[in-house]
$ cat input_34.cif   # mmCIF, C-alpha atoms
data_entry
loop_
_atom_site.label_atom_id
_atom_site.label_comp_id
_atom_site.auth_asym_id
_atom_site.auth_seq_id
_atom_site.Cartn_x
_atom_site.Cartn_y
_atom_site.Cartn_z
CA THR A 1 -33.79 -19.71 29.38
CA GLN A 2 -33.89 -15.95 29.79
CA GLN A 3 -30.92 -14.42 28.03
CA PRO A 4 -28.42 -12.19 29.86
CA GLY A 5 -29.94 -9.18 28.03
CA GLY A 6 -33.34 -9.89 29.57
CA GLY A 7 -35.15 -11.32 26.56
CA TRP A 8 -35.82 -14.82 25.28
CA ASP A 9 -34.91 -16.54 22.02
CA TYR A 10 -36.36 -19.31 19.84
CA GLU A 11 -33.94 -21.88 21.24
CA PRO A 12 -34.81 -23.11 24.74
CA ARG A 13 -31.39 -22.57 26.25
CA GLY A 14 -29.74 -19.60 27.87
CA GLY A 15 -26.49 -17.91 27.03
CA ARG A 16 -27.09 -17.35 23.30
CA GLU A 17 -27.06 -13.58 23.83
CA ARG A 18 -29.96 -13.12 21.36
CA ASN A 19 -32.99 -11.24 22.65
CA ASP A 20 -36.05 -11.70 20.44
CA THR A 21 -38.92 -9.34 21.24
CA SER A 22 -41.59 -11.60 19.74
CA ILE A 23 -40.56 -14.55 21.92
CA THR A 24 -40.07 -12.26 24.91
CA GLY A 25 -43.67 -11.06 24.53
CA TRP A 26 -44.94 -14.64 24.94
CA ALA A 27 -42.66 -15.17 27.95
CA ILE A 28 -43.90 -11.99 29.63
CA GLN A 29 -47.51 -13.10 29.12
CA ALA A 30 -46.67 -16.47 30.67
CA LEU A 31 -44.94 -14.82 33.64
CA GLN A 32 -47.92 -12.53 34.17
CA ALA A 33 -50.27 -15.54 34.07
CA CYS A 34 -48.08 -17.25 36.67
CA ALA A 35 -48.20 -14.22 38.95
CA VAL A 36 -51.99 -13.99 38.65
CA ALA A 37 -52.24 -17.72 39.46
CA GLY A 38 -50.19 -17.22 42.62
CA ILE A 39 -46.98 -18.73 41.29
CA ARG A 40 -43.95 -16.77 42.49
CA VAL A 41 -42.12 -15.01 39.67
CA PRO A 42 -38.61 -13.83 40.62
CA PRO A 43 -38.50 -10.02 40.52
CA ARG A 44 -35.09 -10.17 38.82
CA THR A 45 -36.67 -12.02 35.87
CA LEU A 46 -39.28 -9.28 35.42
CA ILE A 47 -36.72 -6.50 35.79
CA LYS A 48 -34.49 -8.05 33.14
CA ALA A 49 -37.49 -8.51 30.81
CA ALA A 50 -38.46 -4.87 31.35
CA LEU A 51 -34.91 -3.76 30.56
CA HIS A 52 -35.03 -5.69 27.28
CA ILE A 53 -38.28 -3.97 26.31
CA VAL A 54 -36.85 -0.55 27.22
CA ARG A 55 -33.63 -1.17 25.25
CA SER A 56 -35.62 -2.43 22.25
CA THR A 57 -37.96 0.56 22.16
CA GLU A 58 -36.86 3.59 20.14
CA GLN A 59 -37.74 7.18 21.09
CA ASP A 60 -40.38 7.27 18.32
CA GLY A 61 -42.13 4.18 19.76
CA ARG A 62 -40.87 1.61 17.25
CA VAL A 63 -39.67 -1.67 18.75
CA ARG A 64 -36.93 -3.82 17.25
CA TYR A 65 -37.54 -7.48 16.49
CA ALA A 66 -34.21 -8.74 17.84
CA ASP A 67 -30.82 -7.41 18.80
CA ILE A 68 -28.68 -9.95 16.87
CA GLY A 69 -29.13 -12.86 14.47
CA ILE A 70 -32.47 -13.42 12.74
CA GLY A 71 -34.16 -10.04 12.29
CA THR A 72 -30.89 -8.10 12.27
CA ARG A 73 -28.20 -7.52 9.68
CA LEU A 74 -25.02 -5.49 9.41
CA ASP A 75 -24.67 -2.56 7.04
CA ASP A 76 -21.56 -1.80 4.93
CA GLN A 77 -19.80 -0.39 7.98
CA ALA A 78 -20.66 -3.36 10.23
CA ARG A 79 -23.32 -1.42 12.16
CA PRO A 80 -26.49 -3.30 13.10
CA VAL A 81 -29.63 -2.65 11.06
CA TYR A 82 -32.65 -3.72 13.07
CA ARG A 83 -35.98 -5.00 11.78
CA TYR A 84 -39.03 -2.98 12.81
CA GLY A 85 -42.71 -3.34 12.06
CA PRO A 86 -46.17 -2.87 13.48
CA ALA A 87 -46.28 -6.24 15.23
CA MET A 88 -43.17 -5.42 17.23
CA VAL A 89 -44.69 -2.09 18.32
CA ALA A 90 -47.75 -4.00 19.52
CA VAL A 91 -45.68 -6.69 21.29
CA GLY A 92 -43.53 -4.08 22.98
CA MET A 93 -46.57 -2.06 24.00
CA THR A 94 -48.40 -5.09 25.41
CA SER A 95 -45.28 -6.28 27.22
CA GLY A 96 -44.71 -2.85 28.72
CA GLN A 97 -48.31 -2.69 29.92
CA LEU A 98 -48.03 -6.15 31.54
CA LEU A 99 -44.84 -4.99 33.24
CA GLY A 100 -46.50 -1.88 34.64
CA TRP A 101 -46.22 0.88 32.02
CA ARG A 102 -49.10 3.30 32.35
CA PRO A 103 -51.45 3.62 29.36
CA ASP A 104 -50.96 7.39 29.41
CA SER A 105 -47.14 7.29 29.48
CA PRO A 106 -45.36 9.19 26.67
CA ALA A 107 -43.99 5.92 25.17
CA VAL A 108 -47.42 4.28 25.06
CA ARG A 109 -49.01 7.43 23.60
CA ARG A 110 -46.43 7.37 20.77
CA GLN A 111 -47.13 3.68 20.19
CA VAL A 112 -50.88 4.26 20.10
CA VAL A 113 -50.30 6.75 17.27
CA LEU A 114 -48.18 4.20 15.37
CA LEU A 115 -50.85 1.51 15.71
CA LEU A 116 -53.65 3.86 14.68
CA GLU A 117 -51.62 4.83 11.60
CA ASP A 118 -51.43 1.15 10.62
CA LEU A 119 -54.85 -0.31 11.41
CA PRO A 120 -55.64 -3.96 10.63
CA SER A 121 -55.71 -4.55 6.90
CA VAL A 122 -56.17 -7.73 4.88
CA SER A 123 -54.10 -6.42 1.98
CA ARG A 124 -51.19 -5.50 4.27
CA ALA A 125 -51.41 -8.85 6.05
CA ARG A 126 -51.44 -10.74 2.74
CA GLY A 127 -48.19 -9.43 1.34
CA GLY A 128 -48.69 -5.67 1.22
CA ASP A 129 -46.32 -4.95 4.11
CA PRO A 130 -42.61 -4.93 3.27
CA THR A 131 -41.71 -5.59 6.93
CA GLU A 132 -43.83 -8.77 6.86
CA LEU A 133 -44.87 -7.79 10.39
CA HIS A 134 -48.47 -6.78 9.64
CA SER A 135 -50.35 -10.01 10.24
CA GLU A 136 -52.85 -11.73 12.46
CA TYR A 137 -50.03 -11.84 15.02
CA TYR A 138 -50.01 -8.04 14.88
CA TRP A 139 -53.77 -7.91 15.22
CA TYR A 140 -53.60 -10.14 18.32
CA TYR A 141 -51.01 -8.03 20.15
CA GLY A 142 -52.48 -4.76 18.89
CA THR A 143 -55.85 -5.78 20.29
CA LEU A 144 -54.38 -6.63 23.70
CA ALA A 145 -52.47 -3.34 23.81
CA MET A 146 -55.26 -1.09 22.56
CA PHE A 147 -57.86 -2.68 24.86
CA GLN A 148 -55.65 -1.73 27.81
CA VAL A 149 -55.46 1.85 26.53
CA GLY A 150 -59.23 2.02 26.11
CA GLY A 151 -61.24 5.05 25.06
CA PRO A 152 -61.38 6.37 21.50
CA ALA A 153 -58.12 4.61 20.51
CA TRP A 154 -59.61 1.24 21.47
CA GLU A 155 -62.91 2.01 19.75
CA ARG A 156 -61.14 2.91 16.51
CA TRP A 157 -58.85 -0.17 16.63
CA ASN A 158 -61.70 -2.52 17.54
CA GLY A 159 -63.97 -1.18 14.79
CA SER A 160 -61.23 -1.60 12.22
CA LEU A 161 -60.40 -5.12 13.38
CA ARG A 162 -64.07 -6.11 13.35
CA ASP A 163 -64.48 -4.82 9.81
CA VAL A 164 -61.41 -6.82 8.68
CA LEU A 165 -62.11 -10.07 10.56
CA LEU A 166 -65.80 -10.62 9.95
CA PRO A 167 -65.52 -10.98 6.15
CA LEU A 168 -62.63 -13.45 6.64
CA GLN A 169 -64.76 -15.92 8.58
CA ASN A 170 -65.83 -19.15 6.94
CA ARG A 171 -69.58 -19.28 6.91
CA PRO A 172 -71.58 -22.38 6.19
CA THR A 173 -73.47 -22.26 2.95
CA ALA A 174 -77.19 -22.82 2.96
CA SER A 175 -78.29 -26.16 1.46
#
$ encode --input "input_34.cif" --output "structure tokens"
Amino acid sequence: TQQPGGGWDYEPRGGRERNDTSITGWAIQALQACAVAGIRVPPRTLIKAALHIVRSTEQDGRVRYADIGIGTRLDDQARPVYRYGPAMVAVGMTSGQLLGWRPDSPAVRRQVVLLLEDLPSVSRARGGDPTELHSEYYWYYGTLAMFQVGGPAWERWNGSLRDVLLPLQNRPTAS
């Protein structure tokens, strides 16, 4: 159900022409798991997915949620206005890494800066983010991406995530 533009959409059928980066991120993870398991993945499928990620990534590192439909609107002059947010940066960064982007590439370095400027935060995840894209979903993809980068960026991300997650855990009360 890969779309002609290289991405995937919520609906499990091709030809809708909508490329959703969040869904594409899951598909890329599945394709990578297939490849690791020895299941042949057509190179054309990976190339198209990579092209979607490239087209969806802005020069400053931001990644758009979708190219049409949900997550996109038209302005007064019928130009598309895309939805951006930290989760899409993390999805795009993780997807790029799974497709072979180097952790020290200029695009990844810009995305590392964006993620480190918006570390995991309970208040942002619970309504304090106007993009509504700072969430546990963001934390998941940010963790995958930053782990691949490693070094001080990973240590800072991981420490922040730990400090946010541990207090959120349900702990049994002593009787």
$ residues_around --input "input_34.cif" --residues "Trp139 of chain A" --least-positions-apart "2" --cutoff "9 Å" --atoms "only C-alpha atoms" --output "PyMOL selection string"
chain A and resi 87+90+119-120+134-137+141-144+161
$ closest_atom_pairs --input "input_34.cif" --of "segment 88-143 of chain A" --to "segment 12-27 of chain A" --cutoff "10 Å" --atoms "only C-alpha atoms" --output "tab-separated table"
residue	atom	partner	partner_atom	distance
A:Met88	CA	A:Ser22	CA	6.9
A:Val89	CA	A:Thr21	CA	9.7
A:Ala90	CA	A:Gly25	CA	9.6
A:Val91	CA	A:Gly25	CA	5.8
A:Gly92	CA	A:Gly25	CA	7.2
A:Met93	CA	A:Gly25	CA	9.5
A:Thr94	CA	A:Gly25	CA	7.7
A:Ser95	CA	A:Gly25	CA	5.7
A:Gly96	CA	A:Gly25	CA	9.3
A:Leu98	CA	A:Gly25	CA	9.6
A:Tyr137	CA	A:Ser22	CA	9.7
A:Tyr141	CA	A:Gly25	CA	9.1
$ resolve_selection --input "input_34.cif" --expression "the PyMOL selection byres ((chain A and resi 50-61) around 9)" --output "ChimeraX atom specification"
/A:5-7,19,21,24,45-49,62-67,89,92-93,95-96,99,107-114
$ atom_distance --input "input_34.cif" --atom1 "atom CA of Ser121 of chain A" --atom2 "atom CA of Glu155 of chain A"
16.1 Å
$ atom_distance --input "input_34.cif" --atom1 "atom CA of Leu116 of chain A" --atom2 "atom CA of Gly85 of chain A"
13.4 Å
$ closest_residue --input "input_34.cif" --among "A:Gln148, A:Thr72, A:Ser123, A:Thr131" --to "Arg102 of chain A" --atoms "all atoms listed in the file"
A:Gln148
$ atom_distance --input "input_34.cif" --atom1 "atom CA of Ala125 of chain A" --atom2 "atom CA of Leu168 of chain A"
12.1 Å
$ closest_residue --input "input_34.cif" --among "A:Pro4, A:Gly100, A:Pro130, A:Pro172" --to "Pro86 of chain A" --atoms "only C-alpha atoms"
A:Pro130
$ closest_residue --input "input_34.cif" --among "A:Ala145, A:Ile39, A:Thr173, A:Gln29" --to "Gln97 of chain A" --atoms "all atoms listed in the file"
A:Ala145
$ residues_around --input "input_34.cif" --residues "Arg73 of chain A" --least-positions-apart "6" --cutoff "10 Å" --atoms "all atoms listed in the file" --output "tab-separated table (two decimals) with C-alpha atoms, in the coordinates of the input"
chain	number	residue	atom	x	y	z
A	67	ASP	CA	-30.82	-7.41	18.80
A	79	ARG	CA	-23.32	-1.42	12.16
A	80	PRO	CA	-26.49	-3.30	13.10
A	81	VAL	CA	-29.63	-2.65	11.06
A	82	TYR	CA	-32.65	-3.72	13.07
A	83	ARG	CA	-35.98	-5.00	11.78
$ decode --input "input_34.cif" --residues "segment 93-114 of chain A" --atoms "N, CA, C and O atoms" --output "short mmCIF file (atom, residue, chain, number, x, y, z; two decimals), in the first residue's frame"
data_model
loop_
_atom_site.label_atom_id
_atom_site.label_comp_id
_atom_site.auth_asym_id
_atom_site.auth_seq_id
_atom_site.Cartn_x
_atom_site.Cartn_y
_atom_site.Cartn_z
N MET A 93 13.99 11.47 11.61
CA MET A 93 15.38 11.17 11.96
C MET A 93 15.59 9.66 12.11
O MET A 93 16.54 9.10 11.56
N THR A 94 14.68 8.98 12.80
CA THR A 94 14.78 7.53 12.96
C THR A 94 14.68 6.83 11.61
O THR A 94 15.46 5.93 11.30
N SER A 95 13.72 7.27 10.80
CA SER A 95 13.53 6.66 9.48
C SER A 95 14.77 6.83 8.63
O SER A 95 15.22 5.88 7.97
N GLY A 96 15.32 8.04 8.64
CA GLY A 96 16.54 8.28 7.87
C GLY A 96 17.68 7.39 8.33
O GLY A 96 18.41 6.83 7.51
N GLN A 97 17.83 7.24 9.64
CA GLN A 97 18.89 6.38 10.16
C GLN A 97 18.69 4.93 9.71
O GLN A 97 19.64 4.26 9.31
N LEU A 98 17.44 4.45 9.77
CA LEU A 98 17.17 3.07 9.33
C LEU A 98 17.42 2.88 7.84
O LEU A 98 17.73 1.78 7.39
N LEU A 99 17.29 3.97 7.09
CA LEU A 99 17.51 3.91 5.65
C LEU A 99 18.95 4.22 5.26
O LEU A 99 19.28 4.25 4.08
N GLY A 100 19.81 4.45 6.25
CA GLY A 100 21.22 4.61 5.96
C GLY A 100 21.84 5.97 6.17
O GLY A 100 23.03 6.15 5.90
N TRP A 101 21.06 6.96 6.66
CA TRP A 101 21.66 8.27 6.94
C TRP A 101 22.70 8.09 8.03
O TRP A 101 22.49 7.38 9.00
N ARG A 102 23.79 8.79 7.91
CA ARG A 102 24.84 8.73 8.92
C ARG A 102 24.48 9.62 10.11
O ARG A 102 23.93 10.70 9.92
N PRO A 103 24.81 9.19 11.31
CA PRO A 103 24.50 10.01 12.49
C PRO A 103 25.20 11.36 12.51
O PRO A 103 24.77 12.28 13.20
N ASP A 104 26.29 11.50 11.74
CA ASP A 104 27.00 12.77 11.72
C ASP A 104 26.69 13.60 10.47
O ASP A 104 27.34 14.60 10.21
N SER A 105 25.65 13.22 9.74
CA SER A 105 25.28 13.99 8.54
C SER A 105 24.73 15.35 8.97
O SER A 105 24.22 15.51 10.08
N PRO A 106 24.83 16.37 8.10
CA PRO A 106 24.32 17.70 8.46
C PRO A 106 22.83 17.68 8.86
O PRO A 106 22.45 18.35 9.82
N ALA A 107 22.01 16.91 8.14
CA ALA A 107 20.57 16.86 8.46
C ALA A 107 20.35 16.29 9.85
O ALA A 107 19.58 16.84 10.65
N VAL A 108 21.02 15.21 10.18
CA VAL A 108 20.86 14.59 11.50
C VAL A 108 21.38 15.52 12.59
O VAL A 108 20.76 15.66 13.64
N ARG A 109 22.49 16.20 12.33
CA ARG A 109 23.02 17.13 13.34
C ARG A 109 22.01 18.24 13.63
O ARG A 109 21.82 18.63 14.79
N ARG A 110 21.34 18.76 12.58
CA ARG A 110 20.31 19.79 12.80
C ARG A 110 19.15 19.21 13.61
O ARG A 110 18.58 19.87 14.48
N GLN A 111 18.78 17.97 13.32
CA GLN A 111 17.66 17.34 14.03
C GLN A 111 18.02 17.05 15.48
O GLN A 111 17.16 17.18 16.36
N VAL A 112 19.25 16.70 15.74
CA VAL A 112 19.69 16.49 17.13
C VAL A 112 19.49 17.79 17.92
O VAL A 112 18.97 17.77 19.04
N VAL A 113 19.87 18.91 17.32
CA VAL A 113 19.69 20.20 18.00
C VAL A 113 18.21 20.44 18.30
O VAL A 113 17.84 20.84 19.41
N LEU A 114 17.34 20.17 17.32
CA LEU A 114 15.90 20.37 17.54
C LEU A 114 15.38 19.50 18.68
O LEU A 114 14.60 19.96 19.51
#
